[in-house]
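So this block is entry19.cif, mmCIF, C-alpha atoms and all ligand atoms:
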```
data_input
loop_
_atom_site.label_atom_id
_atom_site.label_comp_id
_atom_site.auth_asym_id
_atom_site.auth_seq_id
_atom_site.Cartn_x
_atom_site.Cartn_y
_atom_site.Cartn_z
CA MET A 1 11.46 70.57 -9.04
CA ILE A 2 13.72 73.57 -8.59
CA GLU A 3 14.24 74.34 -4.95
CA GLY A 4 17.43 74.92 -3.04
CA PRO A 5 18.55 71.28 -3.15
CA GLY A 6 17.71 71.03 -6.87
CA ILE A 7 20.50 73.45 -7.75
CA VAL A 8 23.99 72.00 -7.62
CA SER A 9 27.21 73.74 -8.50
CA THR A 10 29.87 71.04 -8.25
CA VAL A 11 30.39 67.82 -10.17
CA ALA A 12 30.84 65.94 -6.89
CA ALA A 13 27.45 67.13 -5.56
CA LEU A 14 25.83 66.38 -8.91
CA ARG A 15 27.11 62.81 -8.89
CA VAL A 16 25.81 62.28 -5.34
CA ARG A 17 22.43 63.75 -6.35
CA LEU A 18 22.16 61.47 -9.42
CA ALA A 19 23.59 58.23 -7.96
CA ALA A 20 20.44 56.95 -6.25
CA VAL A 21 18.23 57.77 -9.23
CA ARG A 22 20.67 56.04 -11.58
CA GLN A 23 20.58 52.91 -9.41
CA GLU A 24 16.82 52.82 -9.74
CA GLY A 25 17.25 52.68 -13.54
CA VAL A 26 15.38 55.93 -14.14
CA ARG A 27 15.98 57.40 -17.64
CA MET A 28 17.98 60.61 -17.31
CA GLY A 29 18.00 63.47 -19.77
CA LEU A 30 20.32 66.46 -19.95
CA VAL A 31 19.63 69.81 -21.61
CA PRO A 32 22.88 71.82 -21.73
CA THR A 33 22.33 75.61 -21.87
CA MET A 34 24.15 78.85 -21.27
CA GLY A 35 21.12 80.25 -19.43
CA ALA A 36 19.14 83.34 -20.52
CA LEU A 37 16.42 80.78 -21.08
CA HIS A 38 13.64 81.38 -23.59
CA GLU A 39 10.84 79.29 -25.04
CA GLY A 40 13.32 77.51 -27.34
CA HIS A 41 15.19 76.11 -24.34
CA LEU A 42 12.00 75.38 -22.41
CA SER A 43 10.58 73.33 -25.27
CA LEU A 44 13.75 71.17 -25.17
CA VAL A 45 13.31 70.75 -21.43
CA ARG A 46 9.63 69.84 -21.82
CA GLU A 47 10.44 67.24 -24.49
CA THR A 48 13.16 65.77 -22.29
CA ARG A 49 10.81 65.67 -19.34
CA ALA A 50 8.21 63.81 -21.41
CA ARG A 51 10.74 61.07 -22.22
CA CYS A 52 12.77 60.89 -19.01
CA GLY A 53 12.17 60.24 -15.34
CA LEU A 54 14.81 62.80 -14.36
CA THR A 55 15.69 65.98 -16.22
CA VAL A 56 18.94 67.86 -15.63
CA VAL A 57 19.45 71.33 -17.09
CA SER A 58 22.95 72.76 -17.05
CA ILE A 59 23.48 76.51 -17.00
CA PHE A 60 27.04 77.56 -17.77
CA VAL A 61 28.28 80.45 -19.87
CA ASN A 62 31.29 78.68 -21.31
CA PRO A 63 34.26 81.02 -21.77
CA ALA A 64 36.06 78.46 -23.97
CA GLN A 65 33.60 78.93 -26.84
CA PHE A 66 33.91 82.72 -27.06
CA GLY A 67 36.67 84.43 -29.04
CA PRO A 68 38.65 87.31 -27.55
CA ASN A 69 36.47 89.96 -29.24
CA GLU A 70 33.15 88.22 -28.68
CA ASP A 71 30.35 88.80 -26.19
CA PHE A 72 31.39 86.60 -23.23
CA ALA A 73 31.36 89.53 -20.77
CA ARG A 74 27.99 90.87 -21.86
CA TYR A 75 26.26 87.54 -22.56
CA PRO A 76 22.95 87.78 -20.63
CA ARG A 77 23.13 86.12 -17.21
CA THR A 78 19.66 85.70 -15.70
CA PHE A 79 20.14 82.82 -13.27
CA GLU A 80 17.25 83.59 -10.90
CA SER A 81 14.64 84.01 -13.61
CA ASP A 82 16.06 80.92 -15.41
CA CYS A 83 15.49 78.86 -12.24
CA ALA A 84 11.97 80.28 -11.92
CA LYS A 85 11.22 79.24 -15.52
CA LEU A 86 12.53 75.73 -14.81
CA ALA A 87 10.37 75.24 -11.71
CA GLY A 88 8.16 72.24 -12.34
CA LEU A 89 10.15 71.29 -15.47
CA ALA A 90 13.68 70.37 -14.37
CA ASP A 91 14.60 68.15 -11.45
CA VAL A 92 18.20 69.30 -11.16
CA VAL A 93 19.92 72.48 -12.32
CA PHE A 94 23.67 72.09 -12.66
CA ALA A 95 25.23 75.55 -12.48
CA PRO A 96 28.99 75.22 -12.07
CA SER A 97 31.44 78.11 -11.73
CA VAL A 98 34.20 78.67 -14.27
CA PRO A 99 36.90 77.24 -11.90
CA GLU A 100 34.71 74.17 -11.30
CA MET A 101 34.71 73.44 -15.05
CA TYR A 102 38.20 74.73 -15.78
CA PRO A 103 40.31 74.40 -12.62
CA GLU A 104 43.76 75.90 -12.50
CA GLY A 105 46.09 73.99 -14.80
CA PHE A 106 43.29 72.83 -17.11
CA ALA A 107 45.03 72.13 -20.42
CA THR A 108 42.75 69.98 -22.56
CA ARG A 109 40.77 70.94 -25.66
CA ILE A 110 38.78 68.60 -27.85
CA GLU A 111 39.01 69.23 -31.60
CA VAL A 112 36.31 67.69 -33.76
CA GLY A 113 36.87 67.41 -37.53
CA GLY A 114 34.20 66.44 -40.07
CA PRO A 115 31.08 68.57 -39.59
CA ALA A 116 33.02 71.12 -37.50
CA GLN A 117 34.97 72.19 -40.58
CA GLY A 118 33.82 75.24 -42.52
CA LEU A 119 30.75 77.49 -42.04
CA GLU A 120 30.87 78.61 -38.37
CA SER A 121 34.53 77.56 -38.03
CA ASP A 122 35.54 79.93 -40.84
CA PHE A 123 34.30 82.85 -38.74
CA ARG A 124 34.63 81.53 -35.16
CA PRO A 125 37.68 79.23 -35.28
CA HIS A 126 37.71 78.67 -31.50
CA PHE A 127 33.99 77.88 -31.25
CA PHE A 128 33.56 74.16 -31.80
CA SER A 129 36.57 73.10 -29.76
CA GLY A 130 35.16 75.19 -26.89
CA VAL A 131 31.72 73.61 -27.32
CA ALA A 132 33.10 70.07 -27.71
CA THR A 133 35.27 70.43 -24.61
CA VAL A 134 32.50 71.70 -22.36
CA VAL A 135 29.84 69.35 -23.74
CA ALA A 136 32.15 66.35 -23.21
CA LYS A 137 32.72 67.49 -19.63
CA LEU A 138 28.99 67.99 -19.02
CA LEU A 139 28.11 64.61 -20.53
CA ILE A 140 30.76 62.85 -18.46
CA ALA A 141 29.62 64.67 -15.29
CA VAL A 142 25.94 63.75 -15.76
CA MET A 143 26.24 60.54 -17.84
CA PRO A 144 22.62 60.88 -18.98
CA ASP A 145 20.80 58.40 -21.18
CA GLU A 146 20.08 61.25 -23.60
CA ALA A 147 21.02 64.87 -24.19
CA THR A 148 19.04 67.34 -26.27
CA PHE A 149 20.39 70.11 -28.49
CA GLY A 150 18.39 72.56 -30.59
CA GLU A 151 18.39 72.39 -34.40
CA LYS A 152 18.76 76.18 -34.39
CA ASP A 153 22.50 75.50 -33.95
CA TYR A 154 22.44 72.82 -36.61
CA GLN A 155 26.18 72.56 -37.18
CA GLN A 156 26.72 72.33 -33.40
CA LEU A 157 24.20 69.47 -33.25
CA LEU A 158 26.14 67.52 -35.92
CA VAL A 159 29.45 68.26 -34.19
CA ILE A 160 28.10 66.90 -30.91
CA ARG A 161 26.75 63.79 -32.61
CA ARG A 162 30.24 63.25 -34.11
CA LEU A 163 31.91 63.86 -30.73
CA VAL A 164 29.68 61.38 -28.90
CA ALA A 165 30.10 58.73 -31.60
CA ASP A 166 33.87 59.18 -31.75
CA LEU A 167 34.32 59.07 -27.96
CA GLY A 168 31.98 56.07 -27.72
CA LEU A 169 29.75 57.73 -25.13
CA PRO A 170 26.58 55.66 -24.63
CA ILE A 171 24.34 58.73 -24.82
CA GLU A 172 21.54 59.37 -27.31
CA ILE A 173 21.73 62.84 -28.85
CA VAL A 174 18.25 64.19 -29.50
CA ALA A 175 17.52 67.09 -31.87
CA GLY A 176 14.96 69.66 -30.71
CA GLU A 177 13.02 71.69 -33.27
CA THR A 178 13.72 75.42 -33.58
CA VAL A 179 11.14 77.58 -31.83
CA ARG A 180 10.32 80.79 -33.69
CA GLU A 181 8.79 84.15 -32.90
CA PRO A 182 5.48 84.85 -34.72
CA ASP A 183 7.40 86.59 -37.56
CA GLY A 184 9.72 83.59 -38.00
CA LEU A 185 12.82 84.82 -36.17
CA ALA A 186 14.45 81.85 -34.44
CA MET A 187 14.49 82.33 -30.67
CA SER A 188 17.98 83.06 -29.37
CA SER A 189 19.36 84.58 -26.19
CA ARG A 190 21.27 87.03 -28.41
CA ASN A 191 18.02 88.47 -29.82
CA ALA A 192 17.98 90.52 -26.60
CA TYR A 193 20.85 92.61 -28.05
CA LEU A 194 18.70 93.85 -30.97
CA SER A 195 17.19 97.36 -31.00
CA PRO A 196 13.55 97.54 -32.22
CA GLU A 197 14.79 98.62 -35.67
CA GLU A 198 17.36 95.78 -35.80
CA ARG A 199 14.75 93.31 -34.60
CA LYS A 200 12.67 94.06 -37.74
CA ILE A 201 15.69 93.49 -39.98
CA ALA A 202 16.53 90.25 -38.13
CA SER A 203 13.15 88.74 -39.03
CA HIS A 204 14.31 88.66 -42.68
CA LEU A 205 16.82 85.91 -41.94
CA ASN A 206 14.13 83.26 -41.86
CA VAL A 207 12.31 84.79 -44.83
CA VAL A 208 15.50 84.70 -46.89
CA LEU A 209 16.24 81.09 -45.92
CA ARG A 210 12.78 80.12 -47.15
CA TYR A 211 13.35 82.12 -50.36
CA VAL A 212 16.66 80.35 -51.01
CA ALA A 213 15.16 76.94 -50.24
CA LYS A 214 12.31 77.59 -52.69
CA LYS A 215 14.66 78.86 -55.43
CA VAL A 216 16.85 75.80 -55.28
CA TYR A 217 13.86 73.52 -54.97
CA ASP A 218 12.45 75.15 -58.12
CA GLY A 219 15.66 74.30 -59.97
CA GLU A 220 17.98 77.29 -59.54
CA PRO A 221 21.63 76.16 -59.33
CA ILE A 222 22.91 76.03 -55.76
CA ALA A 223 25.63 78.67 -56.15
CA ALA A 224 23.15 81.12 -57.72
CA ALA A 225 20.57 80.56 -54.97
CA GLU A 226 23.24 81.11 -52.30
CA ALA A 227 24.33 84.36 -54.00
CA ASP A 228 20.68 85.52 -54.24
CA GLY A 229 20.29 84.80 -50.52
CA ARG A 230 23.35 86.90 -49.61
CA GLU A 231 22.09 89.75 -51.72
CA ALA A 232 18.61 89.53 -50.17
CA LEU A 233 20.08 89.73 -46.66
CA PHE A 234 22.10 92.83 -47.54
CA ARG A 235 18.97 94.38 -49.15
CA ALA A 236 17.04 93.66 -45.93
CA GLY A 237 19.62 95.65 -43.95
CA PHE A 238 22.12 93.06 -42.73
CA ALA A 239 25.46 94.73 -41.96
CA SER A 240 27.41 91.65 -43.04
CA VAL A 241 26.72 88.13 -44.27
CA ASP A 242 29.14 85.37 -43.25
CA TYR A 243 27.53 82.66 -45.35
CA VAL A 244 24.40 81.42 -47.03
CA ALA A 245 25.07 77.79 -47.86
CA ILE A 246 23.16 74.75 -49.02
CA ARG A 247 24.80 71.61 -47.74
CA ASP A 248 24.27 67.92 -47.18
CA ALA A 249 22.11 67.73 -44.06
CA GLY A 250 23.97 64.75 -42.58
CA THR A 251 27.60 65.83 -43.09
CA LEU A 252 27.44 69.51 -44.13
CA ALA A 253 29.54 68.54 -47.17
CA ILE A 254 29.34 70.88 -50.17
CA ILE A 255 26.84 69.60 -52.75
CA ASP A 256 26.48 70.40 -56.46
CA ALA A 257 22.79 69.61 -56.73
CA LEU A 258 19.88 69.32 -54.35
CA GLU A 259 19.90 66.01 -52.51
CA GLN A 260 17.17 64.23 -50.66
CA ARG A 261 18.46 65.62 -47.36
CA SER A 262 19.80 69.12 -47.83
CA ARG A 263 19.93 72.02 -45.43
CA VAL A 264 20.23 75.73 -46.03
CA LEU A 265 22.24 77.55 -43.37
CA ALA A 266 23.03 81.24 -42.95
CA ALA A 267 24.87 83.59 -40.61
CA GLY A 268 25.21 87.34 -40.63
CA ARG A 269 25.19 90.48 -38.54
CA VAL A 270 22.40 92.90 -37.85
CA GLY A 271 24.20 95.89 -36.37
CA THR A 272 26.81 94.19 -34.21
CA THR A 273 24.65 91.17 -33.33
CA ARG A 274 25.53 87.93 -35.08
CA LEU A 275 22.56 85.72 -35.95
CA ILE A 276 22.43 82.20 -37.37
CA ASP A 277 19.56 80.07 -38.62
CA ASN A 278 18.89 77.10 -40.92
CA LEU A 279 16.09 75.14 -42.57
CA ALA A 280 15.57 71.75 -44.14
CA VAL A 281 15.28 72.09 -47.94
O1 LIG B 1 24.11 75.95 -27.53
C1 LIG B 1 24.54 76.35 -26.43
O2 LIG B 1 23.83 76.99 -25.65
C2 LIG B 1 25.98 76.04 -26.05
O3 LIG B 1 26.80 76.06 -27.16
C3 LIG B 1 26.13 74.75 -25.25
C4 LIG B 1 25.73 73.52 -26.08
C5 LIG B 1 25.27 74.79 -23.99
C6 LIG B 1 27.60 74.55 -24.84
O4 LIG B 1 28.04 75.60 -24.04
#
```
Would you write the structure of this file as structure tokens?
Amino acid sequence: MIEGPGIVSTVAALRVRLAAVRQEGVRMGLVPTMGALHEGHLSLVRETRARCGLTVVSIFVNPAQFGPNEDFARYPRTFESDCAKLAGLADVVFAPSVPEMYPEGFATRIEVGGPAQGLESDFRPHFFSGVATVVAKLLIAVMPDEATFGEKDYQQLLVIRRLVADLGLPIEIVAGETVREPDGLAMSSRNAYLSPEERKIASHLNVVLRYVAKKVYDGEPIAAAEADGREALFRAGFASVDYVAIRDAGTLAIIDALEQRSRVLAAGRVGTTRLIDNLAV
């Protein structure tokens, strides 16, 4: 449970805290987050808790995954209310400082190929190396039996699976289902940036993904369905559309025709807020 001793801010203290539990053979689960916790995160924590004897939640706004003109400085930081939400759900909150994760002289970055190429990388070239670097550090610090990542960031989930497989880390990567608002908008800490007017426009992202999935399922060629999706997002009021793409769900490779496991993914801006979402087709 979250009390003073449940919150640790250094890797050394975390290792001490976890050592005894590890020796007892208790299954450990990690849910990495950047805080500003919402129901989407909490559902991942609940699922982890149901499977594991000890649940660690990390809260770290990772500067390495933000570009120079992105929202690192204004990313919501709500540590106290995050800890209150985790009371009774997490056993340990790992909340390191930036120098704890990136001490002076830190000079390593992990680059993942494969699923990291294209889509998000075309618009946020720094993003996946920043995520891969911090996630590798978090996994090595905790060495959990499993770690859970939301399907909302579907490409990130595949990148982390690739990372863990390639580094040979003996950690199961679990996918958590996207939690949505009643109108279908995927929960995201960045939804807090939206004005009431923008919030209405944002709800179209999920509607358009469903529309594209249905079109292609009904036989429309993939490129035409993607173009229809872009147009529908602009019509709904999106300021820009980075991509609407139907890809292989396992590799994110470009496909010519619908496959058994396909995924439709989209990213765009409402006002200045960038939103992403995806669905199984
Ligand atoms: O999805 C997120 O919140 C972040 O990208 C993650 C995985 C916690 C790494 O900073």
Please give me, as a PDB file with C-alpha atoms, in the coordinates of the input, the residues lying within 6 Å of ligand LIG 1 (chain B) when counting all atoms listed in the file.
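result.pdb was written with the following content:
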```pdb
ATOM      1  CA  PRO A  32      22.880  71.820 -21.730  1.00  0.00           C
ATOM      2  CA  THR A  33      22.330  75.610 -21.870  1.00  0.00           C
ATOM      3  CA  MET A  34      24.150  78.850 -21.270  1.00  0.00           C
ATOM      4  CA  ASN A  62      31.290  78.680 -21.310  1.00  0.00           C
ATOM      5  CA  VAL A 131      31.720  73.610 -27.320  1.00  0.00           C
ATOM      6  CA  VAL A 135      29.840  69.350 -23.740  1.00  0.00           C
TER       7      VAL A 135
END
```
Quiz item: Near Ala13 in chain A, within 12 Å and counting all atoms listed in the file, which residues show up once chain neighbours fewer than 5 positions away are dropped, as a list in words?
Solution: Pro5, Gly6, Ile7, Val8, Leu18, Ala19, Val92, Val93, Phe94, Ala95, Pro96, Glu100, Ala141 and Val142 of chain A
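Nearest-residue note for Thr55 in chain A: choosing from A:Ile140, A:Gly105, A:Glu146, A:Gly229, the minimum distance belongs to A:Glu146, counting only C-alpha atoms.
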Quiz item: Within 12 Å of Pro99 in chain A, counting only C-alpha atoms, which residues qualify if same-chain residues fewer than 6 places away don't, as JSON, numbers by chain?
Solution: {"A": [9, 10, 11, 60, 62, 63, 105, 106]}
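Nearest-residue note for Thr78 in chain A: choosing from A:Ser189, A:Arg27, A:Asp122, A:Ala165, the minimum distance belongs to A:Ser189, counting all atoms listed in the file.
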If I put a ball of radius 7 Å at (11.5, 84.3, -26.4) in the file's coordinates, which residues poke into it when counting only C-alpha atoms, written as a short mmCIF file (atom, residue, chain, number, x, y, z; two decimals) with C-alpha atoms, keeping the file's coordinate frame?
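Now in point33.cif:
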```
data_model
loop_
_atom_site.label_atom_id
_atom_site.label_comp_id
_atom_site.auth_asym_id
_atom_site.auth_seq_id
_atom_site.Cartn_x
_atom_site.Cartn_y
_atom_site.Cartn_z
CA HIS A 38 13.64 81.38 -23.59
CA GLU A 39 10.84 79.29 -25.04
CA MET A 187 14.49 82.33 -30.67
#
```
Practice problem: To one decimal in Å, tell me the separation between CA of Ser203 in chain A and CA of Ala116 in chain A. | Solution: 26.6 Å
Practice problem: Do a neighbour search on Ile255 in chain A at 10 Å with all atoms listed in the file, toss out local chain neighbours closer than 2 positions, and write the hits as a list in words. | Solution: Ile222, Ala223, Ala245, Ile246, Arg247, Asp248, Leu252, Ala253, Ala257, Leu258, Glu259 and Ser262 of chain A
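Checking A:Arg235, A:Arg263, A:Lys137, A:Arg230 one by one against Leu167 in chain A, counting all atoms listed in the file, you find the shortest gap at A:Lys137.
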Output file: range 153-167 of chain A, N, CA and C atoms, as a PDB file, in the first residue's frame:
```
ATOM      1  N   ASP A 153      -1.037   3.080 -26.796  1.00  0.00           N
ATOM      2  CA  ASP A 153       0.224   3.396 -27.479  1.00  0.00           C
ATOM      3  C   ASP A 153       0.712   2.105 -28.133  1.00  0.00           C
ATOM      4  N   TYR A 154       0.001   1.718 -29.191  1.00  0.00           N
ATOM      5  CA  TYR A 154       0.184   0.380 -29.754  1.00  0.00           C
ATOM      6  C   TYR A 154       1.593   0.190 -30.321  1.00  0.00           C
ATOM      7  N   GLN A 155       2.082   1.224 -31.031  1.00  0.00           N
ATOM      8  CA  GLN A 155       3.421   1.090 -31.615  1.00  0.00           C
ATOM      9  C   GLN A 155       4.461   0.980 -30.497  1.00  0.00           C
ATOM     10  N   GLN A 156       4.269   1.767 -29.428  1.00  0.00           N
ATOM     11  CA  GLN A 156       5.182   1.694 -28.276  1.00  0.00           C
ATOM     12  C   GLN A 156       5.203   0.274 -27.695  1.00  0.00           C
ATOM     13  N   LEU A 157       4.010  -0.332 -27.574  1.00  0.00           N
ATOM     14  CA  LEU A 157       3.916  -1.696 -27.042  1.00  0.00           C
ATOM     15  C   LEU A 157       4.764  -2.662 -27.886  1.00  0.00           C
ATOM     16  N   LEU A 158       4.651  -2.547 -29.228  1.00  0.00           N
ATOM     17  CA  LEU A 158       5.419  -3.457 -30.096  1.00  0.00           C
ATOM     18  C   LEU A 158       6.927  -3.168 -29.994  1.00  0.00           C
ATOM     19  N   VAL A 159       7.265  -1.892 -29.852  1.00  0.00           N
ATOM     20  CA  VAL A 159       8.684  -1.519 -29.727  1.00  0.00           C
ATOM     21  C   VAL A 159       9.256  -2.122 -28.440  1.00  0.00           C
ATOM     22  N   ILE A 160       8.479  -2.074 -27.371  1.00  0.00           N
ATOM     23  CA  ILE A 160       8.972  -2.607 -26.094  1.00  0.00           C
ATOM     24  C   ILE A 160       9.080  -4.134 -26.154  1.00  0.00           C
ATOM     25  N   ARG A 161       8.127  -4.763 -26.813  1.00  0.00           N
ATOM     26  CA  ARG A 161       8.240  -6.225 -26.989  1.00  0.00           C
ATOM     27  C   ARG A 161       9.527  -6.570 -27.740  1.00  0.00           C
ATOM     28  N   ARG A 162       9.819  -5.789 -28.803  1.00  0.00           N
ATOM     29  CA  ARG A 162      11.040  -6.008 -29.608  1.00  0.00           C
ATOM     30  C   ARG A 162      12.284  -5.808 -28.746  1.00  0.00           C
ATOM     31  N   LEU A 163      12.276  -4.714 -27.983  1.00  0.00           N
ATOM     32  CA  LEU A 163      13.407  -4.368 -27.104  1.00  0.00           C
ATOM     33  C   LEU A 163      13.705  -5.513 -26.130  1.00  0.00           C
ATOM     34  N   VAL A 164      12.658  -5.986 -25.475  1.00  0.00           N
ATOM     35  CA  VAL A 164      12.818  -7.018 -24.437  1.00  0.00           C
ATOM     36  C   VAL A 164      13.295  -8.333 -25.060  1.00  0.00           C
ATOM     37  N   ALA A 165      12.747  -8.650 -26.240  1.00  0.00           N
ATOM     38  CA  ALA A 165      13.185  -9.874 -26.923  1.00  0.00           C
ATOM     39  C   ALA A 165      14.645  -9.735 -27.348  1.00  0.00           C
ATOM     40  N   ASP A 166      14.994  -8.575 -27.912  1.00  0.00           N
ATOM     41  CA  ASP A 166      16.350  -8.408 -28.447  1.00  0.00           C
ATOM     42  C   ASP A 166      17.401  -8.352 -27.343  1.00  0.00           C
ATOM     43  N   LEU A 167      17.042  -7.785 -26.184  1.00  0.00           N
ATOM     44  CA  LEU A 167      18.006  -7.729 -25.078  1.00  0.00           C
ATOM     45  C   LEU A 167      17.977  -9.010 -24.236  1.00  0.00           C
TER      46      LEU A 167
END
```
